[in-house]
$ cat target-v5.csv   # CSV, C-alpha atoms
chain,number,residue,atom,x,y,z
Z,1,MET,CA,27.5,0.5,11.7
Z,2,THR,CA,24.0,1.9,11.9
Z,3,ARG,CA,21.4,-0.8,11.8
Z,4,ILE,CA,18.1,-0.2,10.1
Z,5,LEU,CA,14.9,-2.1,10.6
Z,6,VAL,CA,12.2,-1.8,7.9
Z,7,ILE,CA,8.7,-2.7,9.1
Z,8,THR,CA,6.3,-3.3,6.1
Z,9,SER,CA,3.1,-5.2,5.4
Z,10,CYS,CA,2.0,-8.1,3.2
Z,11,THR,CA,0.3,-7.3,-0.1
Z,12,GLY,CA,-2.7,-8.8,-1.8
Z,13,ASP,CA,-0.7,-9.3,-5.0
Z,14,LYS,CA,1.5,-12.4,-4.8
Z,15,ALA,CA,3.9,-14.3,-7.0
Z,16,THR,CA,1.4,-17.2,-7.3
Z,17,VAL,CA,-1.0,-15.4,-9.6
Z,18,GLY,CA,-4.4,-17.2,-10.0
Z,19,HIS,CA,-4.2,-19.2,-6.8
Z,20,PRO,CA,-5.8,-17.7,-3.7
Z,21,GLY,CA,-4.2,-20.2,-1.4
Z,22,LEU,CA,-4.8,-20.3,2.4
Z,23,GLN,CA,-7.8,-18.6,3.9
Z,24,LEU,CA,-8.4,-17.1,7.4
Z,25,ALA,CA,-9.9,-20.3,8.7
Z,26,ASP,CA,-6.7,-22.1,7.8
Z,27,PHE,CA,-4.6,-19.8,10.0
Z,28,ASP,CA,-7.1,-20.2,12.8
Z,29,ASP,CA,-6.3,-24.0,13.1
Z,30,PRO,CA,-2.7,-25.1,13.3
Z,31,GLU,CA,-3.4,-28.6,12.0
Z,32,ARG,CA,-5.5,-27.2,9.1
Z,33,LEU,CA,-2.6,-24.7,8.3
Z,34,LYS,CA,-0.1,-27.6,8.3
Z,35,ARG,CA,-2.3,-29.6,5.8
Z,36,GLY,CA,-2.8,-26.5,3.7
Z,37,GLU,CA,0.9,-25.8,3.4
Z,38,GLY,CA,1.5,-29.4,2.5
Z,39,LEU,CA,-1.0,-29.2,-0.4
Z,40,LEU,CA,0.6,-25.9,-1.5
Z,41,HIS,CA,4.2,-26.9,-1.0
Z,42,ASP,CA,5.2,-26.4,-4.6
Z,43,LEU,CA,3.8,-22.8,-4.5
Z,44,MET,CA,5.6,-21.7,-1.3
Z,45,ARG,CA,8.2,-18.9,-1.5
Z,46,PRO,CA,10.3,-16.9,0.8
Z,47,ALA,CA,8.2,-13.9,2.0
Z,48,GLY,CA,10.5,-11.4,0.4
Z,49,ARG,CA,9.7,-12.9,-3.0
Z,50,MET,CA,6.1,-13.9,-2.4
Z,51,TYR,CA,4.6,-10.4,-2.3
Z,52,THR,CA,4.5,-8.5,-5.6
Z,53,GLY,CA,2.4,-5.4,-4.7
Z,54,GLN,CA,4.0,-2.1,-5.4
Z,55,GLN,CA,4.8,-1.1,-1.8
Z,56,HIS,CA,6.7,-4.4,-1.3
Z,57,VAL,CA,8.5,-4.2,-4.6
Z,58,ARG,CA,9.6,-0.6,-4.1
Z,59,ALA,CA,10.5,-1.2,-0.5
Z,60,MET,CA,12.6,-4.2,-1.3
Z,61,ASN,CA,14.3,-2.2,-4.1
Z,62,GLY,CA,15.3,0.3,-1.4
Z,63,VAL,CA,16.4,-2.4,1.0
Z,64,ARG,CA,18.7,-4.0,-1.6
Z,65,LEU,CA,20.2,-0.6,-2.5
Z,66,LEU,CA,20.8,0.2,1.2
Z,67,ARG,CA,22.5,-3.1,1.7
Z,68,ARG,CA,24.8,-2.5,-1.2
Z,69,THR,CA,25.7,0.9,0.2
Z,70,LEU,CA,25.8,0.2,3.9
Z,71,GLY,CA,26.6,-3.5,4.1
Z,72,ALA,CA,24.6,-6.7,3.8
Z,73,ASP,CA,23.9,-6.9,7.5
Z,74,ALA,CA,22.9,-3.2,7.8
Z,75,VAL,CA,19.1,-3.7,7.0
Z,76,LYS,CA,16.6,-6.1,8.5
Z,77,VAL,CA,13.1,-6.5,7.1
Z,78,SER,CA,10.0,-7.4,9.3
Z,79,ILE,CA,6.8,-8.1,7.4
Z,80,LEU,CA,3.5,-7.9,9.2
Z,81,SER,CA,1.4,-10.6,7.5
Z,82,ALA,CA,-2.3,-10.8,8.3
Z,83,GLY,CA,-2.0,-14.5,8.0
Z,84,TYR,CA,1.4,-15.5,9.4
Z,85,GLY,CA,2.0,-12.7,11.8
Z,86,VAL,CA,5.4,-11.0,12.0
Z,87,ILE,CA,7.8,-12.7,9.7
Z,88,ASP,CA,11.2,-12.0,8.1
Z,89,GLU,CA,11.9,-12.0,4.4
Z,90,ASP,CA,13.4,-15.4,4.4
Z,91,ARG,CA,10.4,-17.2,6.0
Z,92,LEU,CA,8.9,-19.7,3.6
Z,93,ILE,CA,5.2,-19.1,3.2
Z,94,ALA,CA,2.3,-20.4,1.1
Z,95,PRO,CA,0.1,-18.1,-0.9
Z,96,TYR,CA,-2.9,-16.9,1.1
Z,97,ASP,CA,-5.8,-14.4,0.9
Z,98,VAL,CA,-6.1,-12.7,4.3
Z,99,THR,CA,-5.9,-9.0,5.1
Z,100,PHE,CA,-6.7,-6.7,8.0
Z,101,THR,CA,-8.3,-4.3,5.5
Z,102,GLY,CA,-12.0,-4.7,5.5
Z,103,MET,CA,-12.2,-6.4,9.0
Z,104,SER,CA,-14.2,-4.7,11.6
Z,105,ARG,CA,-12.2,-2.9,14.3
Z,106,SER,CA,-13.1,-5.6,16.9
Z,107,GLU,CA,-12.4,-8.4,14.5
Z,108,ALA,CA,-9.0,-6.9,13.5
Z,109,ARG,CA,-8.0,-6.4,17.1
Z,110,ARG,CA,-8.9,-10.0,18.0
Z,111,TRP,CA,-7.1,-11.5,15.1
Z,112,ALA,CA,-4.0,-9.2,15.6
Z,113,ARG,CA,-3.8,-10.5,19.2
Z,114,GLN,CA,-4.1,-14.1,18.0
Z,115,ILE,CA,-1.2,-13.9,15.5
Z,116,GLY,CA,0.9,-11.9,18.0
Z,117,ALA,CA,1.2,-8.8,15.7
Z,118,ALA,CA,2.0,-6.2,18.4
Z,119,ASP,CA,4.4,-8.4,20.4
Z,120,GLY,CA,6.1,-9.7,17.3
Z,121,ILE,CA,6.9,-6.2,16.1
Z,122,ARG,CA,8.2,-5.1,19.5
Z,123,LYS,CA,10.4,-8.1,19.9
Z,124,GLY,CA,12.2,-7.1,16.7
Z,125,LEU,CA,13.0,-3.5,17.8
Z,126,PRO,CA,16.1,-4.0,19.9
Z,127,GLY,CA,19.4,-3.7,18.1
Z,128,SER,CA,18.2,-1.3,15.4
Z,129,ASP,CA,19.3,2.4,15.4
Z,130,LEU,CA,16.7,3.5,12.8
Z,131,VAL,CA,13.3,1.9,12.5
Z,132,MET,CA,11.2,2.8,9.4
Z,133,VAL,CA,7.5,1.9,9.6
Z,134,LEU,CA,5.7,1.5,6.3
Z,135,LEU,CA,2.2,0.4,7.4
Z,136,GLY,CA,-1.2,1.5,6.3
Z,137,SER,CA,-3.8,2.4,8.9
Z,138,SER,CA,-5.4,-1.0,9.4
Z,139,TYR,CA,-1.9,-2.6,9.8
Z,140,LEU,CA,-0.8,0.2,12.1
Z,141,GLU,CA,-3.9,-0.6,14.2
Z,142,ALA,CA,-2.8,-4.3,14.4
Z,143,MET,CA,0.6,-3.2,15.6
Z,144,ASP,CA,-1.0,-1.2,18.4
Z,145,PRO,CA,1.1,2.0,18.1
Z,146,PRO,CA,3.0,3.9,19.3
Z,147,LEU,CA,6.1,1.7,19.5
Z,148,PRO,CA,8.4,2.1,22.5
Z,149,ALA,CA,11.8,3.3,21.3
Z,150,VAL,CA,14.8,2.2,23.1
Z,151,PRO,CA,17.5,4.8,24.1
Z,152,GLY,CA,19.3,6.0,21.0
Z,153,GLN,CA,16.8,4.6,18.6
Z,154,ARG,CA,14.8,6.7,16.1
Z,155,ILE,CA,11.4,5.4,14.9
Z,156,VAL,CA,10.1,7.0,11.7
Z,157,TYR,CA,6.5,6.4,10.6
Z,158,PHE,CA,5.4,7.1,7.0
Z,159,ALA,CA,1.7,7.6,7.4
Z,160,LYS,CA,-1.3,9.8,6.6
Z,161,ALA,CA,-1.9,13.0,8.5
Z,162,ALA,CA,-4.7,11.6,10.6
Z,163,GLU,CA,-2.2,9.2,12.3
Z,164,ARG,CA,0.3,11.9,13.4
Z,165,GLU,CA,-0.8,12.5,16.9
Z,166,ARG,CA,-0.8,8.9,18.1
Z,167,LEU,CA,2.4,8.0,16.3
Z,168,THR,CA,4.4,10.9,17.8
Z,169,SER,CA,3.0,10.5,21.4
Z,170,ALA,CA,5.9,8.4,22.5
Z,171,GLY,CA,8.6,10.3,20.6
Z,172,GLY,CA,8.1,8.7,17.2
Z,173,VAL,CA,8.9,10.8,14.1
Z,174,PHE,CA,6.0,11.4,11.6
Z,175,VAL,CA,6.6,11.8,7.8
Z,176,ALA,CA,3.6,12.6,5.7
Z,177,ALA,CA,2.6,9.9,3.2
Z,178,GLY,CA,-0.7,11.1,1.7
Z,179,ALA,CA,-2.3,12.4,-1.5
Z,180,ALA,CA,0.1,15.3,-1.8
Z,181,GLU,CA,3.1,13.0,-1.5
Z,182,SER,CA,1.6,10.6,-3.9
Z,183,THR,CA,1.7,13.3,-6.5
Z,184,ARG,CA,5.1,14.7,-5.5
Z,185,TYR,CA,6.8,11.3,-5.6
Z,186,GLY,CA,5.0,9.9,-8.6
Z,187,MET,CA,3.5,6.9,-7.0
Z,188,GLY,CA,-0.1,5.8,-6.2
Z,189,ILE,CA,-1.1,5.7,-2.5
Z,190,ILE,CA,-0.9,1.9,-2.4
Z,191,GLY,CA,2.8,1.9,-3.3
Z,192,LEU,CA,3.8,5.3,-1.9
Z,193,LYS,CA,5.5,4.2,1.3
Z,194,GLY,CA,7.7,1.8,-0.6
Z,195,ARG,CA,8.6,4.5,-3.1
Z,196,MET,CA,9.6,6.8,-0.3
Z,197,LEU,CA,11.9,4.2,1.2
Z,198,GLU,CA,13.3,3.6,-2.3
Z,199,LEU,CA,14.0,7.4,-2.7
Z,200,PHE,CA,15.7,7.5,0.7
Z,201,ALA,CA,17.9,4.5,-0.3
Z,202,GLN,CA,18.9,6.4,-3.5
Z,203,ALA,CA,19.9,9.4,-1.5
Z,204,VAL,CA,22.0,7.1,0.8
Z,205,ALA,CA,23.6,5.5,-2.3
Z,206,ARG,CA,24.7,8.9,-3.6
Z,207,ASP,CA,25.6,10.8,-0.5
Z,208,GLY,CA,26.5,8.0,1.9
Z,209,HIS,CA,26.1,7.4,5.6
Z,210,PRO,CA,25.6,11.1,6.6
Z,211,VAL,CA,22.1,10.8,5.1
Z,212,VAL,CA,21.3,8.1,7.6
Z,213,ASP,CA,22.9,10.0,10.4
Z,214,SER,CA,20.8,13.1,9.7
Z,215,VAL,CA,17.6,11.1,10.0
Z,216,CYS,CA,18.7,9.4,13.2
Z,217,ALA,CA,19.6,12.8,14.7
Z,218,ASP,CA,16.3,14.5,13.8
Z,219,GLY,CA,13.2,14.2,16.0
Z,220,THR,CA,10.9,16.2,13.8
Z,221,GLY,CA,10.7,14.4,10.4
Z,222,THR,CA,12.1,17.4,8.6
Z,223,ALA,CA,15.4,15.7,7.7
Z,224,MET,CA,13.6,12.8,6.0
Z,225,ALA,CA,11.1,15.1,4.2
Z,226,GLU,CA,14.0,17.2,2.9
Z,227,ILE,CA,16.0,14.2,1.7
Z,228,LEU,CA,13.0,12.9,-0.2
Z,229,LYS,CA,12.3,16.3,-1.8
Z,230,ARG,CA,16.0,16.6,-2.9
Z,231,GLU,CA,16.0,13.2,-4.3
Z,232,VAL,CA,13.0,13.8,-6.5
Z,233,ALA,CA,14.7,17.0,-7.7
Z,234,HIS,CA,17.6,14.8,-8.9
Z,235,LEU,CA,15.4,12.6,-11.0

$ encode --input "target-v5.csv" --output "structure tokens"
Amino acid sequence: MTRILVITSCTGDKATVGHPGLQLADFDDPERLKRGEGLLHDLMRPAGRMYTGQQHVRAMNGVRLLRRTLGADAVKVSILSAGYGVIDEDRLIAPYDVTFTGMSRSEARRWARQIGAADGIRKGLPGSDLVMVLLGSSYLEAMDPPLPAVPGQRIVYFAKAAERERLTSAGGVFVAAGAAESTRYGMGIIGLKGRMLELFAQAVARDGHPVVDSVCADGTGTAMAEILKREVAHL
């Protein structure tokens, strides 16, 4: 069975509407974080259900569809949270208001190191045949790309054109996710990468495992791009 790892990010929109929750200073102090989570206990949710931004919602739609098609254990999700670090979808978290977006470059790098963003992502890579990275530029920076693929592993980045060179420097596969794709796939930039994963999952649901195999075998990104274009044509 081919195993797929989806790396995505937290979103500003959360299920606990109207409650900003924990702040950066809370995550900077373990005791303060513990007290804050105690106060917010009734608002805590598994990470997979906490985030309600379009990228997360669309991506999780795709993950559920892939699991129905390929098997419940075929897909793992790693979420890069600007507060909690790298977490899985079942991790219980409190609402919070922390993001890498808007931080200065030096501040974002310091904070990413503190929460173990790069190491956390890398520790989750072994055991996956296909890795799909759905991170915007500030979260990519926190991850410190490119990721080191293990033998037989394909890493596919959905990103804007300016990121292509650094993402492919270690053999990663680049798939454009910019303004043109936003129009083509009928989704705003914020939710675009999640929509692209959702479209990929729809293709897998219809045509089966050969769709996944074609992406794993392709080192150029052409296979994924063609799959997405064909899927849009079916809509």

$ atom_distance --input "target-v5.csv" --atom1 "atom CA of Val86 of chain Z" --atom2 "atom CA of Asp13 of chain Z"
18.1 Å

$ atom_distance --input "target-v5.csv" --atom1 "atom CA of Leu66 of chain Z" --atom2 "atom CA of Gly136 of chain Z"
22.6 Å

$ residues_around --input "target-v5.csv" --residues "Thr220 of chain Z" --least-positions-apart "2" --cutoff "12 Å" --atoms "only C-alpha atoms" --output "list in words"
Arg154, Ile155, Val156, Tyr157, Arg164, Thr168, Gly171, Gly172, Val173, Phe174, Val175, Ala176, Ser214, Val215, Cys216, Ala217, Asp218, Thr222, Ala223, Met224, Ala225 and Glu226 of chain Z

$ closest_atom_pairs --input "target-v5.csv" --of "segment 33-140 of chain Z" --to "segment 188-203 of chain Z" --cutoff "9 Å" --atoms "only C-alpha atoms" --output "tab-separated table"
residue	atom	partner	partner_atom	distance
Z:Gly53	CA	Z:Gly191	CA	7.4
Z:Gln54	CA	Z:Gly191	CA	4.7
Z:Gln55	CA	Z:Gly191	CA	3.9
Z:His56	CA	Z:Gly194	CA	6.3
Z:Val57	CA	Z:Gly194	CA	7.3
Z:Arg58	CA	Z:Gly194	CA	4.6
Z:Ala59	CA	Z:Gly194	CA	4.1
Z:Met60	CA	Z:Gly194	CA	7.8
Z:Asn61	CA	Z:Glu198	CA	6.2
Z:Gly62	CA	Z:Glu198	CA	4.0
Z:Val63	CA	Z:Ala201	CA	7.2
Z:Arg64	CA	Z:Ala201	CA	8.6
Z:Leu65	CA	Z:Ala201	CA	6.0
Z:Leu66	CA	Z:Ala201	CA	5.4
Z:Thr69	CA	Z:Ala201	CA	8.6
Z:Met132	CA	Z:Leu197	CA	8.3
Z:Val133	CA	Z:Lys193	CA	8.8
Z:Leu134	CA	Z:Lys193	CA	5.7
Z:Leu135	CA	Z:Lys193	CA	7.9
Z:Gly136	CA	Z:Ile190	CA	8.7

$ residues_around --input "target-v5.csv" --residues "His41 of chain Z" --least-positions-apart "5" --cutoff "9 Å" --atoms "only C-alpha atoms" --output "ChimeraX atom specification"
/Z:36,93-94

$ closest_residue --input "target-v5.csv" --among "Z:Glu231, Z:Glu107, Z:Asp28, Z:Glu181" --to "Val204 of chain Z" --atoms "only C-alpha atoms"
Z:Glu231

$ atom_distance --input "target-v5.csv" --atom1 "atom CA of Ser9 of chain Z" --atom2 "atom CA of Asp26 of chain Z"
19.7 Å

$ residues_around --input "target-v5.csv" --residues "segment 137-143 of chain Z" --least-positions-apart "5" --cutoff "9 Å" --atoms "all atoms listed in the file" --output "MDAnalysis selection string"
chainID Z and resid 9 80:82 99:103 105 108:109 111:113 117:122 159:160 163

$ closest_residue --input "target-v5.csv" --among "Z:Leu22, Z:Met187, Z:Val75, Z:Val131" --to "Met44 of chain Z" --atoms "all atoms listed in the file"
Z:Leu22

$ closest_residue --input "target-v5.csv" --among "Z:Leu43, Z:Ile79, Z:Leu70, Z:Val212" --to "Ala15 of chain Z" --atoms "all atoms listed in the file"
Z:Leu43

$ residues_around --input "target-v5.csv" --residues "Ala47 of chain Z" --least-positions-apart "4" --cutoff "8 Å" --atoms "all atoms listed in the file" --output "ChimeraX atom specification"
/Z:51,87-93

$ residues_near_point --input "target-v5.csv" --point "(-0.7, -23.1, 6.6)" --cutoff "9 Å" --atoms "only C-alpha atoms" --output "PDB file with C-alpha atoms, in the coordinates of the input"
ATOM      1  CA  LEU Z  22      -4.800 -20.300   2.400  1.00  0.00           C
ATOM      2  CA  GLN Z  23      -7.800 -18.600   3.900  1.00  0.00           C
ATOM      3  CA  ASP Z  26      -6.700 -22.100   7.800  1.00  0.00           C
ATOM      4  CA  PHE Z  27      -4.600 -19.800  10.000  1.00  0.00           C
ATOM      5  CA  ASP Z  29      -6.300 -24.000  13.100  1.00  0.00           C
ATOM      6  CA  PRO Z  30      -2.700 -25.100  13.300  1.00  0.00           C
ATOM      7  CA  GLU Z  31      -3.400 -28.600  12.000  1.00  0.00           C
ATOM      8  CA  ARG Z  32      -5.500 -27.200   9.100  1.00  0.00           C
ATOM      9  CA  LEU Z  33      -2.600 -24.700   8.300  1.00  0.00           C
ATOM     10  CA  LYS Z  34      -0.100 -27.600   8.300  1.00  0.00           C
ATOM     11  CA  ARG Z  35      -2.300 -29.600   5.800  1.00  0.00           C
ATOM     12  CA  GLY Z  36      -2.800 -26.500   3.700  1.00  0.00           C
ATOM     13  CA  GLU Z  37       0.900 -25.800   3.400  1.00  0.00           C
ATOM     14  CA  GLY Z  38       1.500 -29.400   2.500  1.00  0.00           C
ATOM     15  CA  LEU Z  40       0.600 -25.900  -1.500  1.00  0.00           C
ATOM     16  CA  GLY Z  83      -2.000 -14.500   8.000  1.00  0.00           C
ATOM     17  CA  TYR Z  84       1.400 -15.500   9.400  1.00  0.00           C
ATOM     18  CA  ILE Z  93       5.200 -19.100   3.200  1.00  0.00           C
ATOM     19  CA  ALA Z  94       2.300 -20.400   1.100  1.00  0.00           C
ATOM     20  CA  TYR Z  96      -2.900 -16.900   1.100  1.00  0.00           C
TER      21      TYR Z  96
END

$ build_atoms --input "target-v5.csv" --residues "segment 162-173 of chain Z" --atoms "all heavy atoms" --output "CSV table (one decimal), in the frame of the given file"
chain,number,residue,atom,x,y,z
Z,162,ALA,N,-3.8,11.9,9.5
Z,162,ALA,CA,-4.7,11.6,10.6
Z,162,ALA,C,-4.0,10.7,11.7
Z,162,ALA,O,-4.5,10.6,12.8
Z,162,ALA,CB,-5.9,10.9,10.1
Z,163,GLU,N,-2.9,10.1,11.3
Z,163,GLU,CA,-2.2,9.2,12.3
Z,163,GLU,C,-1.1,10.0,13.1
Z,163,GLU,O,-0.5,9.4,14.0
Z,163,GLU,CB,-1.5,8.1,11.5
Z,163,GLU,CG,-2.4,7.2,10.6
Z,163,GLU,CD,-3.3,6.3,11.5
Z,163,GLU,OE1,-3.2,6.3,12.7
Z,163,GLU,OE2,-4.1,5.7,10.9
Z,164,ARG,N,-0.8,11.2,12.8
Z,164,ARG,CA,0.3,11.9,13.4
Z,164,ARG,C,0.3,11.9,14.9
Z,164,ARG,O,1.3,11.6,15.5
Z,164,ARG,CB,0.3,13.4,12.9
Z,164,ARG,CG,1.5,14.2,13.5
Z,164,ARG,CD,1.3,15.7,13.2
Z,164,ARG,NE,1.4,16.0,11.8
Z,164,ARG,CZ,2.6,16.4,11.2
Z,164,ARG,NH1,3.7,16.5,12.0
Z,164,ARG,NH2,2.6,16.7,9.9
Z,165,GLU,N,-0.8,12.3,15.5
Z,165,GLU,CA,-0.8,12.5,16.9
Z,165,GLU,C,-0.5,11.2,17.7
Z,165,GLU,O,0.4,11.2,18.6
Z,165,GLU,CB,-2.2,13.0,17.4
Z,165,GLU,CG,-2.2,13.3,18.9
Z,165,GLU,CD,-3.5,14.0,19.3
Z,165,GLU,OE1,-4.3,14.4,18.4
Z,165,GLU,OE2,-3.8,14.1,20.5
Z,166,ARG,N,-1.1,10.1,17.3
Z,166,ARG,CA,-0.8,8.9,18.1
Z,166,ARG,C,0.6,8.3,17.8
Z,166,ARG,O,1.2,7.7,18.7
Z,166,ARG,CB,-1.9,7.8,17.9
Z,166,ARG,CG,-1.9,7.2,16.5
Z,166,ARG,CD,-2.8,5.9,16.6
Z,166,ARG,NE,-3.0,5.3,15.3
Z,166,ARG,CZ,-3.6,4.2,15.1
Z,166,ARG,NH1,-4.0,3.5,16.1
Z,166,ARG,NH2,-3.8,3.7,13.9
Z,167,LEU,N,1.1,8.6,16.6
Z,167,LEU,CA,2.4,8.0,16.3
Z,167,LEU,C,3.5,8.8,17.0
Z,167,LEU,O,4.6,8.2,17.2
Z,167,LEU,CB,2.6,8.0,14.8
Z,167,LEU,CG,1.6,7.1,14.0
Z,167,LEU,CD1,1.9,7.2,12.5
Z,167,LEU,CD2,1.7,5.7,14.5
Z,168,THR,N,3.3,10.1,17.2
Z,168,THR,CA,4.4,10.9,17.8
Z,168,THR,C,4.2,11.0,19.3
Z,168,THR,O,5.1,11.6,20.0
Z,168,THR,CB,4.4,12.3,17.2
Z,168,THR,OG1,3.1,12.9,17.4
Z,168,THR,CG2,4.7,12.3,15.7
Z,169,SER,N,3.2,10.4,19.9
Z,169,SER,CA,3.0,10.5,21.4
Z,169,SER,C,4.1,9.9,22.2
Z,169,SER,O,4.2,10.3,23.4
Z,169,SER,CB,1.6,9.9,21.7
Z,169,SER,OG,1.6,8.5,21.5
Z,170,ALA,N,4.8,9.0,21.7
Z,170,ALA,CA,5.9,8.4,22.5
Z,170,ALA,C,7.3,8.7,21.9
Z,170,ALA,O,8.2,8.0,22.1
Z,170,ALA,CB,5.7,6.9,22.5
Z,171,GLY,N,7.3,9.8,21.1
Z,171,GLY,CA,8.6,10.3,20.6
Z,171,GLY,C,8.9,9.8,19.2
Z,171,GLY,O,10.0,10.0,18.6
Z,172,GLY,N,7.9,9.1,18.5
Z,172,GLY,CA,8.1,8.7,17.2
Z,172,GLY,C,8.1,9.9,16.2
Z,172,GLY,O,7.6,11.0,16.5
Z,173,VAL,N,8.7,9.7,15.1
Z,173,VAL,CA,8.9,10.8,14.1
Z,173,VAL,C,7.8,10.5,12.9
Z,173,VAL,O,7.8,9.4,12.4
Z,173,VAL,CB,10.3,10.8,13.5
Z,173,VAL,CG1,10.4,11.7,12.3
Z,173,VAL,CG2,11.3,11.3,14.5
